[in-house]
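Engineer: One structure is given below, represented as structure tokens, and several questions about it will come after.
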2 protein chains.
Amino acid sequence: LNERLSDLGEFGLIERIALLAPAGREIVGIGDDAAVLPGPPGMYTLATVDMQVEDVHFRLDDRSPGEIGATALAVNISDIAAMGGEPRFALLSLAARPEMATRTIEEVVAGICNLATRFRMGLVGGNLTRTSGPLCIDITVLGDVPCGEILLRSGAQEGDLLAVTGTLGGRAAMRLARDAGIDGVPSIPVPEPRVNVARRLAMAGILHAMMDISDGLAGDIMHLAEASSVGAIVDADLIPAAPLAVEFARRLGTSAVDLALGGGEDYELLIALPRTVLEEARALGDAVGLTVIGEVVGADRGLTLRNGTRTRPLVGGWRHF
Amino acid sequence: LNERLSDLGEFGLIERIALLAPAGREIVGIGDDAAVLPGPPGMYTLATVDMQVEDVHFRLDDRSPGEIGATALAVNISDIAAMGGEPRFALLSLAARPEMATRTIEEVVAGICNLATRFRMGLVGGNLTRTSGPLCIDITVLGDVPCGEILLRSGAQEGDLLAVTGTLGGRAAMRLARDAGIDGVPSIPVPEPRVNVARRLAMAGILHAMMDISDGLAGDIMHLAEASSVGAIVDADLIPAAPLAVEFARRLGTSAVDLALGGGEDYELLIALPRTVLEEARALGDAVGLTVIGEVVGADRGLTLRNGTRTRPLVGGWRHF
């Protein structure tokens, strides 16, 4: 009765909302990286939204306003990429304090516009309001994908390989190292949404499932496994930890693998694919690298991290409340 | 250089953003009630977003959480209706304080879900985050409209009549009267988006332009006139002031007409139509009432309010910063 949001947590609340949410004409609603809706002839429309809040997701004294804006857009583009789609349109809601400098807000918007331009997207709508609190940047991105090329979280099958693009844990290492006051930490770059490699993989039609890695590898594998009703075994030795995760792990009192598993904010792709197409997928993913990290097993075998001969349960994810 | 948002104002900032915004494949971008995008065969997809902030748009001690949620959805549905469309899907972003009661947030969401259900919409995506500041409810609504039935702000022509649905100024009167501590003010109801009458008018294909009245009649006529490159003359005597605007105007030190012109939050429809179709439009608008309030004139004649033999410029609109 007196339960607080901090007791329930973000994912607990999302589960309750998903139970309440009415269904309409959508093909896929809550639960994947983006909603799948009826689209132009032969296409699905994809829709996703993400809110970034000052002092939760970014600090104004830590990054340029342009990078903050671009990042808020990039994480949404990443969700469209994760479905195999192309981002097309963005809508922007901003809540800002009246005493904020116009220039700061214009630079946030310019960062959004520059990244949108690079992906040939239109910024087609928006909404500005005042607030007495933190700057809130909420961006909706709409995209599309040919109906035959869409990739969901729910398609992973027992026997599939699990693979990831790029390297993991670098952004988490930077964020934690900066928070810890460690000297010489580079500023956290704007994520590079994997639209090109995701589109190539989707067009090839060889994958079973795809999603982006935003909550940390362990939590995201859990989401993929739940959506697909499967289990997974991940090899710690195979996880491609980012160089910065390796560099800062010891000073942060953790390991590079744990930064990759629990850190989040990677915006790389997690895919499930049949063993038979691995070489083809590797060739398509060449530009960013595609690394096998484990395999899909039956749901009864749960989620396991294997480290040499030892195993432990996979856990993690970013807790918002 | 040291300009603050409060110096520039909401519409000033929107104008600057509209200049920066890149164009993509949209049919209509920033500047109408909703963006117009390629849609399912024979249809346009419509997209709009609106953020409601605690202590700016609502107070938690003033209205039930369910009404707050429903209102945040209703204002977006109204934007879809204003294009002649049907609302189909909603995406929800919420920023909430960790110490807030789970029940409050669940009631906000239930209010959204109940209204979405009534309009047979799907709640297809969302995003929850913590904040240290006011509760922020940002809702994106997607809708669709047959390509031949869409109504824009930009179609008004010299010689058209201007008309509105329903009555105006009632919600503004209630808000101001409650803020002034006047006793016996009813609580402000959730707006009723005019989807049905707007769809009937759009299907009939007889209107030149339509928009919803959210910023106050005067400001919204200005937006319609700017989009259509026309002027307007409005008769003060013809404006259908809401009974509550009449009831509270004197105690608020204003007039019912000024509440209708400047108050905002009506979510009625403003239309421009040829004189020849007025009776047909009246019949279609029967359920909510359709009142002629003035006429469209050349842009060179500007925007005028006529009160008997006197005239004054139309002004107003809600200033967010």
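Ordered as shown in the structure tokens, chains take letters A, B, and onward, while each chain numbers its residues from 1 and ligands are numbered from 1 in the order shown.
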Superimpose chain A on chain B so that the squared distances between all in-order C-alpha pairs are minimised, and send the result as a compact mmCIF listing (two decimals) with C-alpha atoms, in the first residue's frame.
Structural biologist:
# COMPACT_ATOMS: atom_id res chain seq x y z
CA LEU A 1 24.78 36.28 -25.74
CA ASN A 2 23.42 35.99 -22.20
CA GLU A 3 19.86 35.52 -23.38
CA ARG A 4 17.70 33.33 -21.11
CA LEU A 5 14.81 31.14 -22.23
CA SER A 6 12.49 33.45 -20.34
CA ASP A 7 13.61 36.32 -22.62
CA LEU A 8 13.00 34.39 -25.82
CA GLY A 9 9.76 32.58 -24.94
CA GLU A 10 8.42 29.25 -26.12
CA PHE A 11 7.35 30.35 -29.58
CA GLY A 12 10.60 32.22 -30.19
CA LEU A 13 12.54 29.08 -29.40
CA ILE A 14 10.24 26.93 -31.55
CA GLU A 15 10.86 29.30 -34.48
CA ARG A 16 14.61 28.95 -34.06
CA ILE A 17 14.35 25.15 -33.81
CA ALA A 18 12.13 25.01 -36.89
CA LEU A 19 14.91 26.81 -38.79
CA LEU A 20 17.50 24.28 -37.60
CA ALA A 21 15.36 21.17 -38.10
CA PRO A 22 16.50 18.92 -40.94
CA ALA A 23 13.90 17.70 -43.43
CA GLY A 24 13.45 14.03 -44.29
CA ARG A 25 10.68 12.15 -46.01
CA GLU A 26 7.86 13.90 -44.15
CA ILE A 27 4.93 15.42 -46.02
CA VAL A 28 4.42 18.12 -43.36
CA GLY A 29 6.92 18.70 -40.54
CA ILE A 30 6.98 21.19 -37.67
CA GLY A 31 4.22 23.78 -37.62
CA ASP A 32 0.89 21.95 -37.76
CA ASP A 33 -0.94 20.10 -34.97
CA ALA A 34 0.79 16.86 -36.00
CA ALA A 35 3.49 15.84 -38.44
CA VAL A 36 2.26 14.15 -41.63
CA LEU A 37 4.31 11.10 -42.65
CA PRO A 38 4.08 8.33 -45.25
CA GLY A 39 1.56 5.80 -43.94
CA PRO A 40 -0.19 2.54 -44.76
CA PRO A 41 -1.62 2.27 -48.29
CA GLY A 42 -3.88 5.29 -49.00
CA MET A 43 -3.14 6.79 -45.57
CA TYR A 44 -0.88 9.30 -43.92
CA THR A 45 0.62 8.54 -40.54
CA LEU A 46 0.22 11.46 -38.09
CA ALA A 47 2.61 12.04 -35.17
CA THR A 48 2.44 14.47 -32.27
CA VAL A 49 4.02 14.79 -28.83
CA ASP A 50 3.21 16.81 -25.72
CA MET A 51 4.90 16.96 -22.34
CA GLN A 52 3.00 17.80 -19.15
CA VAL A 53 5.04 18.85 -16.13
CA GLU A 54 3.98 18.83 -12.47
CA ASP A 55 3.32 22.33 -11.09
CA VAL A 56 3.30 23.75 -14.63
CA HIS A 57 0.45 21.82 -16.26
CA PHE A 58 -1.00 20.04 -13.23
CA ARG A 59 -0.70 19.75 -9.47
CA LEU A 60 -0.88 16.40 -7.75
CA ASP A 61 -2.99 17.85 -4.91
CA ASP A 62 -5.49 19.37 -7.32
CA ARG A 63 -6.60 16.49 -9.53
CA SER A 64 -6.58 12.72 -9.32
CA PRO A 65 -3.57 10.97 -10.85
CA GLY A 66 -5.94 9.23 -13.26
CA GLU A 67 -7.28 12.56 -14.54
CA ILE A 68 -3.75 13.90 -14.90
CA GLY A 69 -2.77 10.90 -17.03
CA ALA A 70 -5.93 11.01 -19.12
CA THR A 71 -5.47 14.74 -19.77
CA ALA A 72 -1.90 14.20 -20.94
CA LEU A 73 -3.20 11.71 -23.50
CA ALA A 74 -6.30 13.72 -24.43
CA VAL A 75 -4.33 16.78 -25.54
CA ASN A 76 -2.37 14.59 -27.97
CA ILE A 77 -5.49 12.87 -29.29
CA SER A 78 -6.87 16.35 -29.87
CA ASP A 79 -3.90 17.13 -32.15
CA ILE A 80 -4.62 14.01 -34.24
CA ALA A 81 -8.32 14.92 -34.40
CA ALA A 82 -7.34 18.41 -35.58
CA MET A 83 -5.77 16.87 -38.72
CA GLY A 84 -8.95 14.88 -39.42
CA GLY A 85 -7.33 11.66 -38.21
CA GLU A 86 -7.96 8.72 -35.93
CA PRO A 87 -5.58 8.15 -33.00
CA ARG A 88 -4.04 4.66 -33.13
CA PHE A 89 -1.00 4.33 -30.85
CA ALA A 90 0.57 6.01 -27.83
CA LEU A 91 4.09 5.92 -26.40
CA LEU A 92 4.63 7.12 -22.84
CA SER A 93 7.70 8.60 -21.15
CA LEU A 94 7.54 9.18 -17.42
CA ALA A 95 10.12 10.81 -15.18
CA ALA A 96 9.25 10.30 -11.51
CA ARG A 97 10.89 10.75 -8.10
CA PRO A 98 11.99 7.48 -6.48
CA GLU A 99 10.13 8.39 -3.28
CA MET A 100 6.80 8.74 -5.10
CA ALA A 101 4.11 6.18 -4.27
CA THR A 102 3.90 3.39 -6.81
CA ARG A 103 0.13 3.72 -6.58
CA THR A 104 0.22 7.34 -7.82
CA ILE A 105 2.17 6.38 -10.93
CA GLU A 106 -0.02 3.34 -11.54
CA GLU A 107 -3.10 5.57 -11.36
CA VAL A 108 -1.56 8.01 -13.86
CA VAL A 109 -0.92 5.07 -16.18
CA ALA A 110 -4.40 3.65 -15.59
CA GLY A 111 -5.90 7.01 -16.57
CA ILE A 112 -3.92 6.92 -19.79
CA CYS A 113 -4.85 3.29 -20.48
CA ASN A 114 -8.56 3.85 -19.86
CA LEU A 115 -8.75 6.76 -22.29
CA ALA A 116 -6.64 4.85 -24.85
CA THR A 117 -9.03 1.92 -24.57
CA ARG A 118 -12.01 4.19 -25.20
CA PHE A 119 -10.39 5.34 -28.46
CA ARG A 120 -9.29 1.76 -29.30
CA MET A 121 -5.64 2.82 -29.22
CA GLY A 122 -2.67 0.62 -28.37
CA LEU A 123 -0.15 1.73 -25.74
CA VAL A 124 2.84 0.35 -27.58
CA GLY A 125 5.95 1.69 -25.93
CA GLY A 126 7.39 3.66 -23.14
CA ASN A 127 10.19 4.67 -20.97
CA LEU A 128 10.52 5.25 -17.24
CA THR A 129 13.25 7.18 -15.54
CA ARG A 130 13.91 8.73 -12.20
CA THR A 131 14.20 12.47 -11.67
CA SER A 132 14.94 14.72 -8.73
CA GLY A 133 12.34 17.20 -9.97
CA PRO A 134 8.73 17.45 -11.02
CA LEU A 135 6.83 14.50 -12.46
CA CYS A 136 7.04 14.71 -16.28
CA ILE A 137 4.53 12.89 -18.46
CA ASP A 138 5.46 12.95 -22.13
CA ILE A 139 3.12 11.21 -24.55
CA THR A 140 3.58 10.64 -28.27
CA VAL A 141 0.47 9.76 -30.23
CA LEU A 142 0.47 8.28 -33.72
CA GLY A 143 -2.66 8.31 -35.84
CA ASP A 144 -3.70 7.97 -39.42
CA VAL A 145 -5.93 9.71 -41.91
CA PRO A 146 -6.95 8.83 -45.48
CA CYS A 147 -4.73 10.93 -47.76
CA GLY A 148 -7.71 12.68 -49.34
CA GLU A 149 -9.22 13.73 -46.03
CA ILE A 150 -6.34 15.43 -44.23
CA LEU A 151 -6.95 18.96 -42.95
CA LEU A 152 -4.04 21.35 -42.39
CA ARG A 153 -3.75 24.77 -40.80
CA SER A 154 -2.54 26.17 -44.10
CA GLY A 155 -5.67 25.83 -46.23
CA ALA A 156 -7.74 28.84 -45.09
CA GLN A 157 -8.75 31.18 -47.95
CA GLU A 158 -9.92 34.78 -48.11
CA GLY A 159 -13.70 34.80 -47.87
CA ASP A 160 -13.90 31.66 -45.68
CA LEU A 161 -15.87 31.67 -42.48
CA LEU A 162 -14.12 30.90 -39.18
CA ALA A 163 -16.03 28.62 -36.82
CA VAL A 164 -15.38 26.77 -33.57
CA THR A 165 -16.86 23.71 -31.90
CA GLY A 166 -18.27 23.74 -28.37
CA THR A 167 -17.69 26.61 -25.97
CA LEU A 168 -14.46 28.35 -25.00
CA GLY A 169 -12.79 29.65 -21.86
CA GLY A 170 -14.37 27.25 -19.39
CA ARG A 171 -11.22 25.38 -18.46
CA ALA A 172 -9.21 28.61 -18.24
CA ALA A 173 -11.88 30.10 -15.96
CA MET A 174 -11.75 27.04 -13.71
CA ARG A 175 -7.97 27.06 -13.54
CA LEU A 176 -7.77 30.79 -12.77
CA ALA A 177 -10.63 30.62 -10.25
CA ARG A 178 -9.01 27.72 -8.43
CA ASP A 179 -5.64 29.52 -8.45
CA ALA A 180 -7.40 32.58 -7.01
CA GLY A 181 -8.88 30.50 -4.18
CA ILE A 182 -12.49 31.11 -5.20
CA ASP A 183 -14.88 28.68 -3.46
CA GLY A 184 -17.09 26.21 -5.26
CA VAL A 185 -15.10 25.90 -8.47
CA PRO A 186 -15.70 22.49 -10.03
CA SER A 187 -12.59 20.41 -10.64
CA ILE A 188 -11.28 20.73 -14.18
CA PRO A 189 -12.52 17.84 -16.28
CA VAL A 190 -10.42 15.81 -18.68
CA PRO A 191 -10.74 17.39 -22.14
CA GLU A 192 -12.93 15.48 -24.58
CA PRO A 193 -10.98 15.26 -27.86
CA ARG A 194 -13.26 16.04 -30.79
CA VAL A 195 -12.30 12.97 -32.81
CA ASN A 196 -15.82 12.06 -33.94
CA VAL A 197 -16.91 15.46 -35.20
CA ALA A 198 -13.49 16.09 -36.74
CA ARG A 199 -13.62 12.78 -38.60
CA ARG A 200 -17.13 13.54 -39.87
CA LEU A 201 -16.03 16.95 -41.12
CA ALA A 202 -12.86 15.53 -42.69
CA MET A 203 -14.73 12.71 -44.45
CA ALA A 204 -17.20 15.23 -45.88
CA GLY A 205 -14.28 17.00 -47.54
CA ILE A 206 -15.90 20.41 -47.20
CA LEU A 207 -13.46 22.33 -44.97
CA HIS A 208 -10.42 24.35 -45.99
CA ALA A 209 -8.47 24.24 -42.70
CA MET A 210 -8.70 22.85 -39.18
CA MET A 211 -6.66 22.98 -35.97
CA ASP A 212 -7.33 22.53 -32.29
CA ILE A 213 -7.61 25.39 -29.81
CA SER A 214 -4.98 24.76 -27.17
CA ASP A 215 -3.18 28.08 -26.71
CA GLY A 216 -6.29 30.28 -26.57
CA LEU A 217 -8.53 31.28 -29.47
CA ALA A 218 -6.66 34.49 -30.31
CA GLY A 219 -3.24 32.85 -30.46
CA ASP A 220 -4.56 29.90 -32.40
CA ILE A 221 -6.30 32.11 -34.97
CA MET A 222 -2.92 33.82 -35.34
CA HIS A 223 -1.28 30.43 -35.99
CA LEU A 224 -3.93 29.48 -38.56
CA ALA A 225 -3.64 32.86 -40.27
CA GLU A 226 0.16 32.68 -40.42
CA ALA A 227 0.08 29.14 -41.83
CA SER A 228 -2.49 30.17 -44.46
CA SER A 229 -1.01 33.63 -45.19
CA VAL A 230 -4.32 35.33 -44.50
CA GLY A 231 -5.85 37.76 -42.04
CA ALA A 232 -9.00 37.41 -39.94
CA ILE A 233 -11.79 39.46 -38.40
CA VAL A 234 -13.41 37.95 -35.32
CA ASP A 235 -16.67 39.20 -33.82
CA ALA A 236 -16.47 39.31 -30.03
CA ASP A 237 -20.27 38.98 -29.82
CA LEU A 238 -20.19 35.68 -31.69
CA ILE A 239 -17.58 33.90 -29.55
CA PRO A 240 -19.32 31.06 -27.66
CA ALA A 241 -17.98 31.65 -24.15
CA ALA A 242 -18.39 28.69 -21.79
CA PRO A 243 -20.95 29.06 -18.98
CA LEU A 244 -18.18 28.84 -16.38
CA ALA A 245 -16.24 31.60 -18.16
CA VAL A 246 -19.33 33.79 -17.89
CA GLU A 247 -19.87 32.78 -14.25
CA PHE A 248 -16.33 33.51 -13.02
CA ALA A 249 -15.18 36.31 -15.34
CA ARG A 250 -16.20 39.23 -13.15
CA ARG A 251 -14.65 37.76 -9.98
CA LEU A 252 -11.48 37.17 -11.98
CA GLY A 253 -11.40 40.81 -13.09
CA THR A 254 -11.81 39.94 -16.75
CA SER A 255 -14.51 39.14 -19.30
CA ALA A 256 -15.79 35.82 -20.59
CA VAL A 257 -14.66 36.79 -24.09
CA ASP A 258 -11.13 37.51 -22.86
CA LEU A 259 -11.07 34.13 -21.11
CA ALA A 260 -12.10 32.52 -24.40
CA LEU A 261 -9.55 34.51 -26.41
CA GLY A 262 -6.58 34.12 -24.10
CA GLY A 263 -7.25 31.23 -21.79
CA GLY A 264 -6.26 28.17 -23.71
CA GLU A 265 -6.75 24.48 -22.89
CA ASP A 266 -10.10 24.33 -24.68
CA TYR A 267 -9.23 21.50 -27.08
CA GLU A 268 -12.12 22.50 -29.31
CA LEU A 269 -11.71 22.74 -33.09
CA LEU A 270 -11.09 25.92 -35.08
CA ILE A 271 -12.11 25.57 -38.73
CA ALA A 272 -12.10 27.65 -41.90
CA LEU A 273 -14.78 26.79 -44.44
CA PRO A 274 -16.49 28.26 -47.50
CA ARG A 275 -19.79 29.98 -46.75
CA THR A 276 -21.55 27.60 -49.14
CA VAL A 277 -20.98 24.55 -46.90
CA LEU A 278 -21.89 26.13 -43.58
CA GLU A 279 -25.23 24.37 -43.20
CA GLU A 280 -23.72 20.99 -44.08
CA ALA A 281 -20.90 21.54 -41.56
CA ARG A 282 -23.41 22.65 -38.90
CA ALA A 283 -25.36 19.44 -39.38
CA LEU A 284 -22.19 17.34 -39.07
CA GLY A 285 -21.08 19.28 -35.99
CA ASP A 286 -24.49 19.07 -34.40
CA ALA A 287 -23.49 16.97 -31.39
CA VAL A 288 -20.97 19.52 -30.09
CA GLY A 289 -22.26 22.68 -31.76
CA LEU A 290 -20.51 24.70 -34.46
CA THR A 291 -20.47 28.47 -34.12
CA VAL A 292 -19.35 30.99 -36.76
CA ILE A 293 -17.12 33.60 -35.07
CA GLY A 294 -15.72 35.59 -37.97
CA GLU A 295 -14.23 35.55 -41.42
CA VAL A 296 -10.94 35.12 -43.23
CA VAL A 297 -9.66 38.26 -44.97
CA GLY A 298 -6.52 39.23 -46.86
CA ALA A 299 -3.22 39.07 -45.01
CA ASP A 300 -2.81 42.84 -45.46
CA ARG A 301 -5.82 43.41 -43.18
CA GLY A 302 -4.16 41.63 -40.25
CA LEU A 303 -5.96 40.12 -37.28
CA THR A 304 -8.81 42.12 -35.82
CA LEU A 305 -11.34 41.69 -33.03
CA ARG A 306 -14.57 43.55 -33.72
CA ASN A 307 -16.75 44.53 -30.79
CA GLY A 308 -19.82 46.37 -32.06
CA THR A 309 -18.37 49.37 -33.87
CA ARG A 310 -14.99 49.24 -32.11
CA THR A 311 -12.05 47.10 -33.21
CA ARG A 312 -8.77 46.07 -31.61
CA PRO A 313 -5.91 43.75 -32.59
CA LEU A 314 -6.19 40.09 -31.62
CA VAL A 315 -3.44 39.10 -29.19
CA GLY A 316 -2.68 36.39 -26.63
CA GLY A 317 -1.61 32.83 -26.25
CA TRP A 318 -0.04 31.06 -23.34
CA ARG A 319 3.58 32.02 -22.74
CA HIS A 320 5.50 29.01 -21.41
CA PHE A 321 8.72 30.71 -20.32
Engineer: Write out as a VMD selection string all residues of stretch 148-268 of chain B that backbone DSSP assigns to strand (DSSP E).
Structural biologist: chain B and resid 161 to 165 209 to 213 231 to 235 268
Engineer: Quick check for you: according to DSSP on this backbone, which residues of stretch 11-56 of chain B are classed as helix (DSSP H, G or I)? Reply as a ChimeraX atom specification.
Structural biologist: /B:11-20
Engineer: Write the residues of the preceding selection, restricted to C-alpha atoms, as a PDB file, in the first residue's frame.
Structural biologist:
ATOM      1  CA  PHE B  11       7.375  30.351 -29.592  1.00  0.00           C
ATOM      2  CA  GLY B  12      10.609  32.224 -30.206  1.00  0.00           C
ATOM      3  CA  LEU B  13      12.568  29.080 -29.409  1.00  0.00           C
ATOM      4  CA  ILE B  14      10.263  26.929 -31.544  1.00  0.00           C
ATOM      5  CA  GLU B  15      10.877  29.276 -34.476  1.00  0.00           C
ATOM      6  CA  ARG B  16      14.634  28.922 -34.074  1.00  0.00           C
ATOM      7  CA  ILE B  17      14.366  25.135 -33.798  1.00  0.00           C
ATOM      8  CA  ALA B  18      12.147  24.986 -36.889  1.00  0.00           C
ATOM      9  CA  LEU B  19      14.925  26.780 -38.790  1.00  0.00           C
ATOM     10  CA  LEU B  20      17.519  24.258 -37.600  1.00  0.00           C
TER      11      LEU B  20
END
